Amino acid sequence: MPKRYDKILAILNKRHLSKNELLTLLSPVAGLFGDVESELEIFKNSGIPIEIAHKNIYFRPKITPIAQETFCIVDIETNGHNPCVHTPIEIGTLKVRNGKVVDCFESFVFNAEIPEYITKITGINAQMLENAPKLASVLEKFKLFLGDSIFVAHNVDFDYNFLSQSLEKCGFGYLYNPRLCTIKLAQRVLQAPRYSLGFLNEFLGINHQNLHRALQDSKTALEIFKICLKKIPKNLYTSKDLLEFVKNTPKVKYATANTESKKNATP
């Protein structure tokens, strides 16, 4: 994916920027004939969580306590594993603050053909999607719902990259929201034989039914997230602290070959 704002993000992770500094950094991004003020509006709507105070721009997670941060717990079902040729068929998300759900978004996505193995995994067939809204419509609503919240998912790279590439294909641009993986978070604070969504659902006594449906899986991931937050070190205060804590999880291999392996990844 293009790294349009990586340089700016690297600086914001270290210190705040004045508006003039930000406009200077945005100038080469906008291009020789670009409108820098328009690029600033694109930047503000890119998903990067910023706080503007006293004409300075701050990376919000650096100054926001975990309890006050907005997290968006996301899960998708897809008709295949490759976002270049496949699409989401269902999106389910929960917007959470201080452990409480403050908003919810879910939608089927129209698709005329669903592979049989996907139907076996999810229970979703083409007939269920025939009156669903088209992909661009759902993705537009999803991006507005997500806003600049922190994107959380179980095996986050699959959901995040799939949706980011789908958004770009539909003309809405790539995602730049910070991301947090509940598999990695669980690995840092829980002792478990496996860390798949299905296993942790039973192991932690969550016991949600109808897994492999987007909103239900989001609800399960949320419960895992809440359990893990109770076990993080006491010196983690800001959401940036939490993101760094999860980022530093030792690397392990787990599958992302398709929707089923995404849900049942077993590090």
# chains A, B, ... in the order shown; residues from 1 in each chain; ligands from 1

$ residues_around --residues "A:Gly147" --least-positions-apart "2" --cutoff "12 Å" --atoms "only C-alpha atoms" --output "list of chain:residue names"
A:Lys44, A:Asn45, A:Ser46, A:Gly47, A:Ile48, A:Pro49, A:Ile50, A:Thr70, A:Phe71, A:Cys72, A:Lys95, A:Glu140, A:Lys141, A:Phe142, A:Lys143, A:Leu144, A:Phe145, A:Ser149, A:Ile150, A:Phe151, A:Leu175, A:Tyr176, A:Asn177, A:Pro178

$ write_last_selection --atoms "C-alpha atoms" --output "PDB file, in the first residue's frame"
ATOM      1  CA  LYS A  44      -8.025  14.812   8.787  1.00  0.00           C
ATOM      2  CA  ASN A  45     -10.429  12.262   7.288  1.00  0.00           C
ATOM      3  CA  SER A  46      -7.841   9.540   6.666  1.00  0.00           C
ATOM      4  CA  GLY A  47      -8.460   7.781   9.970  1.00  0.00           C
ATOM      5  CA  ILE A  48      -5.358   9.139  11.696  1.00  0.00           C
ATOM      6  CA  PRO A  49      -6.485  10.086  15.226  1.00  0.00           C
ATOM      7  CA  ILE A  50      -5.329  13.630  15.868  1.00  0.00           C
ATOM      8  CA  THR A  70     -12.531   4.963  21.159  1.00  0.00           C
ATOM      9  CA  PHE A  71     -11.944   1.448  19.845  1.00  0.00           C
ATOM     10  CA  CYS A  72     -13.785  -0.082  16.910  1.00  0.00           C
ATOM     11  CA  LYS A  95     -17.655   1.102  18.726  1.00  0.00           C
ATOM     12  CA  GLU A 140     -18.745   4.372   2.677  1.00  0.00           C
ATOM     13  CA  LYS A 141     -20.963   3.883   5.724  1.00  0.00           C
ATOM     14  CA  PHE A 142     -18.330   1.725   7.391  1.00  0.00           C
ATOM     15  CA  LYS A 143     -15.579   4.309   6.922  1.00  0.00           C
ATOM     16  CA  LEU A 144     -17.781   7.060   8.343  1.00  0.00           C
ATOM     17  CA  PHE A 145     -18.627   4.790  11.282  1.00  0.00           C
ATOM     18  CA  SER A 149     -11.062   5.236  16.142  1.00  0.00           C
ATOM     19  CA  ILE A 150      -8.523   2.491  16.787  1.00  0.00           C
ATOM     20  CA  PHE A 151      -9.245  -0.533  14.588  1.00  0.00           C
ATOM     21  CA  LEU A 175      -7.082   3.161   5.984  1.00  0.00           C
ATOM     22  CA  TYR A 176      -4.585   4.924   8.247  1.00  0.00           C
ATOM     23  CA  ASN A 177      -6.240   4.145  11.589  1.00  0.00           C
ATOM     24  CA  PRO A 178      -3.978   2.609  14.228  1.00  0.00           C
TER      25      PRO A 178
END

$ residues_around --residues "A:Glu69" --least-positions-apart "6" --cutoff "8 Å" --atoms "only C-alpha atoms" --output "list in words"
Pro61, Arg97, Asn98, Ser149 and Ser239 of chain A

$ residues_around --residues "A:Pro250" --least-positions-apart "5" --cutoff "9 Å" --atoms "only C-alpha atoms" --output "list of chain:residue names"
A:Lys184, A:Gln187, A:Arg188

$ residues_around --residues "A:Lys169" --least-positions-apart "5" --cutoff "10 Å" --atoms "only C-alpha atoms" --output "VMD selection string"
chain A and resid 83 to 84 136 163 to 164 174

$ select_by_dssp --residues "stretch 149-203 of chain A" --states "alpha helix (DSSP H)" --output "list in words"
Val156, Asp157, Phe158, Asp159, Tyr160, Asn161, Phe162, Leu163, Ser164, Gln165, Ser166, Leu167, Glu168, Lys169, Thr182, Ile183, Lys184, Leu185, Ala186, Gln187, Arg188, Val189, Leu197, Gly198, Phe199, Leu200, Asn201, Glu202 and Phe203 of chain A

$ select_by_dssp --residues "stretch 32-99 of chain A" --states "strand (DSSP E or B)" --output "count of residues only"
28

$ residues_around --residues "A:Asn79" --least-positions-apart "6" --cutoff "10 Å" --atoms "only C-alpha atoms" --output "list in words"
Val85, His86, Thr87, Pro88, Ile89, Glu90, Asn111, Glu113, Ile114, Pro115, Glu116, Tyr117, Ile118, Thr119, Thr122, Ile124, Asn125, Asn258 and Thr259 of chain A

$ write_last_selection --atoms "all heavy atoms" --output "compact mmCIF listing (two decimals), in the first residue's frame"
# COMPACT_ATOMS: atom_id res chain seq x y z
N VAL A 85 -9.30 -9.77 -5.63
CA VAL A 85 -10.33 -10.40 -6.46
C VAL A 85 -11.59 -10.74 -5.68
O VAL A 85 -12.64 -11.00 -6.29
CB VAL A 85 -9.78 -11.68 -7.14
CG1 VAL A 85 -8.69 -11.34 -8.12
CG2 VAL A 85 -9.28 -12.68 -6.11
N HIS A 86 -11.51 -10.73 -4.35
CA HIS A 86 -12.67 -11.07 -3.53
C HIS A 86 -13.17 -9.83 -2.79
O HIS A 86 -12.51 -8.79 -2.79
CB HIS A 86 -12.31 -12.18 -2.54
CG HIS A 86 -11.87 -13.45 -3.20
ND1 HIS A 86 -10.65 -14.03 -2.95
CD2 HIS A 86 -12.47 -14.23 -4.14
CE1 HIS A 86 -10.52 -15.13 -3.69
NE2 HIS A 86 -11.61 -15.26 -4.41
N THR A 87 -14.33 -9.96 -2.16
CA THR A 87 -14.95 -8.82 -1.48
C THR A 87 -15.53 -9.23 -0.13
O THR A 87 -15.81 -10.41 0.10
CB THR A 87 -16.09 -8.22 -2.32
OG1 THR A 87 -17.14 -9.20 -2.45
CG2 THR A 87 -15.60 -7.79 -3.69
N PRO A 88 -15.73 -8.27 0.76
CA PRO A 88 -16.48 -8.56 1.99
C PRO A 88 -17.92 -8.94 1.63
O PRO A 88 -18.49 -8.39 0.68
CB PRO A 88 -16.45 -7.24 2.75
CG PRO A 88 -15.34 -6.45 2.15
CD PRO A 88 -15.28 -6.87 0.72
N ILE A 89 -18.50 -9.87 2.36
CA ILE A 89 -19.92 -10.18 2.19
C ILE A 89 -20.72 -9.82 3.45
O ILE A 89 -21.94 -9.78 3.42
CB ILE A 89 -20.14 -11.66 1.82
CG1 ILE A 89 -19.54 -12.59 2.88
CG2 ILE A 89 -19.56 -11.95 0.44
CD1 ILE A 89 -19.83 -14.07 2.65
N GLU A 90 -20.00 -9.53 4.52
CA GLU A 90 -20.66 -9.07 5.75
C GLU A 90 -19.64 -8.32 6.60
O GLU A 90 -18.48 -8.72 6.71
CB GLU A 90 -21.22 -10.25 6.55
CG GLU A 90 -22.05 -9.83 7.76
CD GLU A 90 -22.62 -10.99 8.53
OE1 GLU A 90 -21.93 -12.04 8.65
OE2 GLU A 90 -23.75 -10.86 9.04
N ASN A 111 -23.50 -9.80 -3.18
CA ASN A 111 -22.58 -10.60 -3.98
C ASN A 111 -23.40 -11.70 -4.64
O ASN A 111 -24.17 -12.39 -3.96
CB ASN A 111 -21.46 -11.18 -3.13
CG ASN A 111 -20.27 -11.60 -3.96
OD1 ASN A 111 -20.36 -12.54 -4.73
ND2 ASN A 111 -19.17 -10.87 -3.81
N GLU A 113 -22.32 -14.45 -6.17
CA GLU A 113 -21.80 -15.81 -6.08
C GLU A 113 -21.00 -15.99 -4.79
O GLU A 113 -20.09 -15.22 -4.51
CB GLU A 113 -20.93 -16.14 -7.29
CG GLU A 113 -21.68 -16.14 -8.61
CD GLU A 113 -20.80 -16.56 -9.78
OE1 GLU A 113 -19.65 -16.96 -9.52
OE2 GLU A 113 -21.27 -16.46 -10.93
N ILE A 114 -21.37 -17.02 -4.05
CA ILE A 114 -20.65 -17.36 -2.82
C ILE A 114 -20.14 -18.79 -2.95
O ILE A 114 -20.94 -19.71 -3.15
CB ILE A 114 -21.57 -17.25 -1.58
CG1 ILE A 114 -22.22 -15.87 -1.50
CG2 ILE A 114 -20.79 -17.55 -0.30
CD1 ILE A 114 -21.25 -14.73 -1.34
N PRO A 115 -18.84 -19.01 -2.84
CA PRO A 115 -18.32 -20.37 -2.92
C PRO A 115 -18.95 -21.27 -1.85
O PRO A 115 -19.26 -20.81 -0.74
CB PRO A 115 -16.82 -20.19 -2.68
CG PRO A 115 -16.54 -18.78 -3.06
CD PRO A 115 -17.77 -18.01 -2.69
N GLU A 116 -19.11 -22.52 -2.19
CA GLU A 116 -19.76 -23.47 -1.28
C GLU A 116 -19.02 -23.57 0.05
O GLU A 116 -19.65 -23.66 1.11
CB GLU A 116 -19.85 -24.84 -1.94
CG GLU A 116 -20.60 -25.87 -1.12
CD GLU A 116 -20.72 -27.21 -1.83
OE1 GLU A 116 -20.41 -27.29 -3.04
OE2 GLU A 116 -21.11 -28.19 -1.16
N TYR A 117 -17.69 -23.53 0.01
CA TYR A 117 -16.94 -23.68 1.27
C TYR A 117 -17.16 -22.48 2.19
O TYR A 117 -17.12 -22.61 3.42
CB TYR A 117 -15.45 -23.92 1.00
CG TYR A 117 -14.62 -22.70 0.67
CD1 TYR A 117 -13.93 -22.03 1.66
CD2 TYR A 117 -14.51 -22.24 -0.65
CE1 TYR A 117 -13.15 -20.92 1.37
CE2 TYR A 117 -13.73 -21.13 -0.95
CZ TYR A 117 -13.05 -20.47 0.07
OH TYR A 117 -12.28 -19.37 -0.22
N ILE A 118 -17.39 -21.29 1.61
CA ILE A 118 -17.69 -20.11 2.43
C ILE A 118 -19.05 -20.26 3.08
O ILE A 118 -19.24 -19.94 4.26
CB ILE A 118 -17.63 -18.83 1.57
CG1 ILE A 118 -16.21 -18.58 1.07
CG2 ILE A 118 -18.14 -17.63 2.37
CD1 ILE A 118 -15.20 -18.25 2.15
N THR A 119 -20.02 -20.77 2.34
CA THR A 119 -21.35 -21.00 2.91
C THR A 119 -21.27 -22.01 4.05
O THR A 119 -21.94 -21.86 5.08
CB THR A 119 -22.32 -21.49 1.83
OG1 THR A 119 -22.46 -20.47 0.83
CG2 THR A 119 -23.70 -21.79 2.41
N THR A 122 -19.70 -20.00 7.06
CA THR A 122 -20.45 -18.85 7.60
C THR A 122 -21.96 -19.04 7.65
O THR A 122 -22.64 -18.33 8.39
CB THR A 122 -20.16 -17.60 6.74
OG1 THR A 122 -20.71 -17.80 5.43
CG2 THR A 122 -18.67 -17.34 6.63
N ILE A 124 -23.66 -18.18 5.15
CA ILE A 124 -24.14 -17.13 4.25
C ILE A 124 -24.17 -17.67 2.83
O ILE A 124 -23.17 -18.20 2.33
CB ILE A 124 -23.25 -15.88 4.33
CG1 ILE A 124 -23.23 -15.32 5.75
CG2 ILE A 124 -23.71 -14.81 3.34
CD1 ILE A 124 -22.20 -14.21 5.96
N ASN A 125 -25.32 -17.51 2.16
CA ASN A 125 -25.42 -17.93 0.76
C ASN A 125 -25.86 -16.74 -0.11
O ASN A 125 -26.21 -15.67 0.41
CB ASN A 125 -26.38 -19.10 0.59
CG ASN A 125 -27.77 -18.81 1.13
OD1 ASN A 125 -28.35 -17.76 0.85
ND2 ASN A 125 -28.32 -19.73 1.91
N ASN A 258 -7.83 -18.10 4.60
CA ASN A 258 -9.21 -17.84 4.24
C ASN A 258 -9.99 -17.44 5.48
O ASN A 258 -9.42 -17.30 6.56
CB ASN A 258 -9.85 -19.08 3.58
CG ASN A 258 -9.72 -20.32 4.44
OD1 ASN A 258 -9.91 -20.25 5.64
ND2 ASN A 258 -9.40 -21.44 3.82
N THR A 259 -11.27 -17.24 5.33
CA THR A 259 -12.09 -16.78 6.45
C THR A 259 -12.01 -17.73 7.63
O THR A 259 -11.91 -17.31 8.78
CB THR A 259 -13.55 -16.63 6.00
OG1 THR A 259 -13.58 -15.79 4.87
CG2 THR A 259 -14.41 -16.03 7.09

$ closest_residue --among "A:Pro65, A:Leu139, A:Lys219, A:Thr93" --to "A:Gly173" --atoms "only C-alpha atoms"
A:Leu139

$ residues_around --residues "A:Ile183" --least-positions-apart "6" --cutoff "8 Å" --atoms "only C-alpha atoms" --output "PyMOL selection string"
chain A and resi 154-155+195-196

$ residues_around --residues "stretch 14-25 of chain A" --least-positions-apart "2" --cutoff "6 Å" --atoms "only C-alpha atoms" --output "PyMOL selection string"
chain A and resi 11-12+27+56-58

$ atom_distance --atom1 "atom CA of A:Cys228" --atom2 "atom CA of A:Ile73"
14.1 Å

$ decode --residues "stretch 14-50 of chain A" --atoms "N, CA, C and O atoms" --output "CSV table (one decimal), in the first residue's frame"
chain,number,residue,atom,x,y,z
A,14,LYS,N,6.5,11.1,17.8
A,14,LYS,CA,7.5,11.6,18.6
A,14,LYS,C,7.2,12.9,19.3
A,14,LYS,O,7.5,13.2,20.4
A,15,ARG,N,6.5,13.8,18.5
A,15,ARG,CA,6.1,15.1,19.0
A,15,ARG,C,5.0,15.7,18.3
A,15,ARG,O,4.6,15.2,17.2
A,16,HIS,N,4.4,16.8,18.8
A,16,HIS,CA,3.3,17.5,18.1
A,16,HIS,C,3.9,18.3,17.0
A,16,HIS,O,5.1,18.6,16.9
A,17,LEU,N,3.0,18.7,16.1
A,17,LEU,CA,3.3,19.6,15.0
A,17,LEU,C,2.5,20.9,15.1
A,17,LEU,O,1.3,20.8,15.5
A,18,SER,N,3.0,22.0,14.7
A,18,SER,CA,2.2,23.2,14.5
A,18,SER,C,1.5,23.0,13.1
A,18,SER,O,1.8,22.2,12.3
A,19,LYS,N,0.4,23.8,12.9
A,19,LYS,CA,-0.3,23.7,11.7
A,19,LYS,C,0.6,24.0,10.5
A,19,LYS,O,0.5,23.4,9.5
A,20,ASN,N,1.5,25.0,10.7
A,20,ASN,CA,2.4,25.4,9.6
A,20,ASN,C,3.3,24.3,9.2
A,20,ASN,O,3.6,24.0,8.0
A,21,GLU,N,3.8,23.6,10.3
A,21,GLU,CA,4.7,22.4,10.0
A,21,GLU,C,3.9,21.3,9.3
A,21,GLU,O,4.5,20.7,8.3
A,22,LEU,N,2.7,21.1,9.7
A,22,LEU,CA,1.9,20.0,9.0
A,22,LEU,C,1.7,20.4,7.6
A,22,LEU,O,1.8,19.5,6.7
A,23,LEU,N,1.3,21.7,7.3
A,23,LEU,CA,1.1,22.1,5.9
A,23,LEU,C,2.3,22.0,5.1
A,23,LEU,O,2.2,21.6,3.9
A,24,THR,N,3.5,22.2,5.7
A,24,THR,CA,4.7,22.1,4.9
A,24,THR,C,5.0,20.6,4.6
A,24,THR,O,5.4,20.3,3.5
A,25,LEU,N,4.7,19.7,5.5
A,25,LEU,CA,4.9,18.3,5.3
A,25,LEU,C,3.9,17.8,4.3
A,25,LEU,O,4.1,16.8,3.5
A,26,LEU,N,2.7,18.4,4.2
A,26,LEU,CA,1.6,17.9,3.3
A,26,LEU,C,1.9,18.4,1.9
A,26,LEU,O,1.3,17.9,0.9
A,27,SER,N,2.7,19.5,1.8
A,27,SER,CA,2.9,20.1,0.5
A,27,SER,C,3.4,19.1,-0.6
A,27,SER,O,2.8,19.0,-1.7
A,28,PRO,N,4.5,18.3,-0.3
A,28,PRO,CA,4.9,17.4,-1.3
A,28,PRO,C,3.9,16.3,-1.6
A,28,PRO,O,3.9,15.7,-2.7
A,29,VAL,N,3.1,15.9,-0.6
A,29,VAL,CA,2.1,14.9,-0.7
A,29,VAL,C,1.0,15.4,-1.7
A,29,VAL,O,0.5,14.6,-2.6
A,30,ALA,N,0.7,16.7,-1.6
A,30,ALA,CA,-0.4,17.2,-2.5
A,30,ALA,C,0.1,17.4,-3.9
A,30,ALA,O,-0.7,17.3,-4.8
A,31,GLY,N,1.4,17.5,-4.1
A,31,GLY,CA,2.0,17.6,-5.4
A,31,GLY,C,2.2,19.0,-5.8
A,31,GLY,O,1.7,20.0,-5.2
A,32,LEU,N,2.9,19.2,-7.0
A,32,LEU,CA,3.2,20.5,-7.5
A,32,LEU,C,2.0,21.4,-7.6
A,32,LEU,O,2.1,22.6,-7.3
A,33,PHE,N,0.9,20.9,-8.2
A,33,PHE,CA,-0.3,21.7,-8.4
A,33,PHE,C,-1.4,21.4,-7.4
A,33,PHE,O,-2.5,21.8,-7.7
A,34,GLY,N,-1.0,20.8,-6.3
A,34,GLY,CA,-2.1,20.4,-5.3
A,34,GLY,C,-2.4,21.6,-4.4
A,34,GLY,O,-1.7,22.5,-4.3
A,35,ASP,N,-3.6,21.4,-3.8
A,35,ASP,CA,-4.1,22.4,-2.9
A,35,ASP,C,-3.8,21.9,-1.5
A,35,ASP,O,-4.4,20.8,-1.1
A,36,VAL,N,-2.9,22.5,-0.8
A,36,VAL,CA,-2.5,22.0,0.5
A,36,VAL,C,-3.6,22.0,1.6
A,36,VAL,O,-3.7,21.1,2.4
A,37,GLU,N,-4.5,23.0,1.5
A,37,GLU,CA,-5.6,23.0,2.5
A,37,GLU,C,-6.5,21.9,2.2
A,37,GLU,O,-7.1,21.3,3.1
A,38,SER,N,-6.7,21.5,0.9
A,38,SER,CA,-7.6,20.4,0.6
A,38,SER,C,-6.9,19.1,1.1
A,38,SER,O,-7.6,18.2,1.6
A,39,GLU,N,-5.6,19.0,0.9
A,39,GLU,CA,-4.9,17.8,1.4
A,39,GLU,C,-5.0,17.7,2.9
A,39,GLU,O,-5.1,16.6,3.4
A,40,LEU,N,-5.0,18.8,3.6
A,40,LEU,CA,-5.2,18.8,5.0
A,40,LEU,C,-6.5,18.2,5.4
A,40,LEU,O,-6.6,17.4,6.4
A,41,GLU,N,-7.6,18.5,4.7
A,41,GLU,CA,-8.9,17.9,4.9
A,41,GLU,C,-8.9,16.4,4.7
A,41,GLU,O,-9.5,15.7,5.4
A,42,ILE,N,-8.2,16.0,3.6
A,42,ILE,CA,-8.0,14.6,3.3
A,42,ILE,C,-7.3,13.9,4.5
A,42,ILE,O,-7.7,12.8,4.9
A,43,PHE,N,-6.2,14.6,5.0
A,43,PHE,CA,-5.5,14.0,6.1
A,43,PHE,C,-6.3,13.9,7.3
A,43,PHE,O,-6.3,12.8,8.0
A,44,LYS,N,-7.2,14.9,7.6
A,44,LYS,CA,-8.0,14.8,8.8
A,44,LYS,C,-9.0,13.7,8.7
A,44,LYS,O,-9.5,13.1,9.7
A,45,ASN,N,-9.4,13.3,7.5
A,45,ASN,CA,-10.4,12.3,7.3
A,45,ASN,C,-9.8,10.9,6.9
A,45,ASN,O,-10.6,10.0,6.5
A,46,SER,N,-8.5,10.8,7.1
A,46,SER,CA,-7.8,9.5,6.7
A,46,SER,C,-7.9,8.4,7.7
A,46,SER,O,-7.6,7.3,7.4
A,47,GLY,N,-8.4,8.8,8.9
A,47,GLY,CA,-8.5,7.8,10.0
A,47,GLY,C,-7.4,8.0,11.0
A,47,GLY,O,-7.4,7.3,12.0
A,48,ILE,N,-6.4,8.9,10.7
A,48,ILE,CA,-5.4,9.1,11.7
A,48,ILE,C,-6.0,9.9,12.9
A,48,ILE,O,-6.5,11.0,12.7
A,49,PRO,N,-5.9,9.4,14.1
A,49,PRO,CA,-6.5,10.1,15.2
A,49,PRO,C,-5.6,11.2,15.7
A,49,PRO,O,-4.5,11.1,16.2
A,50,ILE,N,-6.1,12.4,15.5
A,50,ILE,CA,-5.3,13.6,15.9
A,50,ILE,C,-6.2,14.5,16.8
A,50,ILE,O,-7.4,14.4,16.7
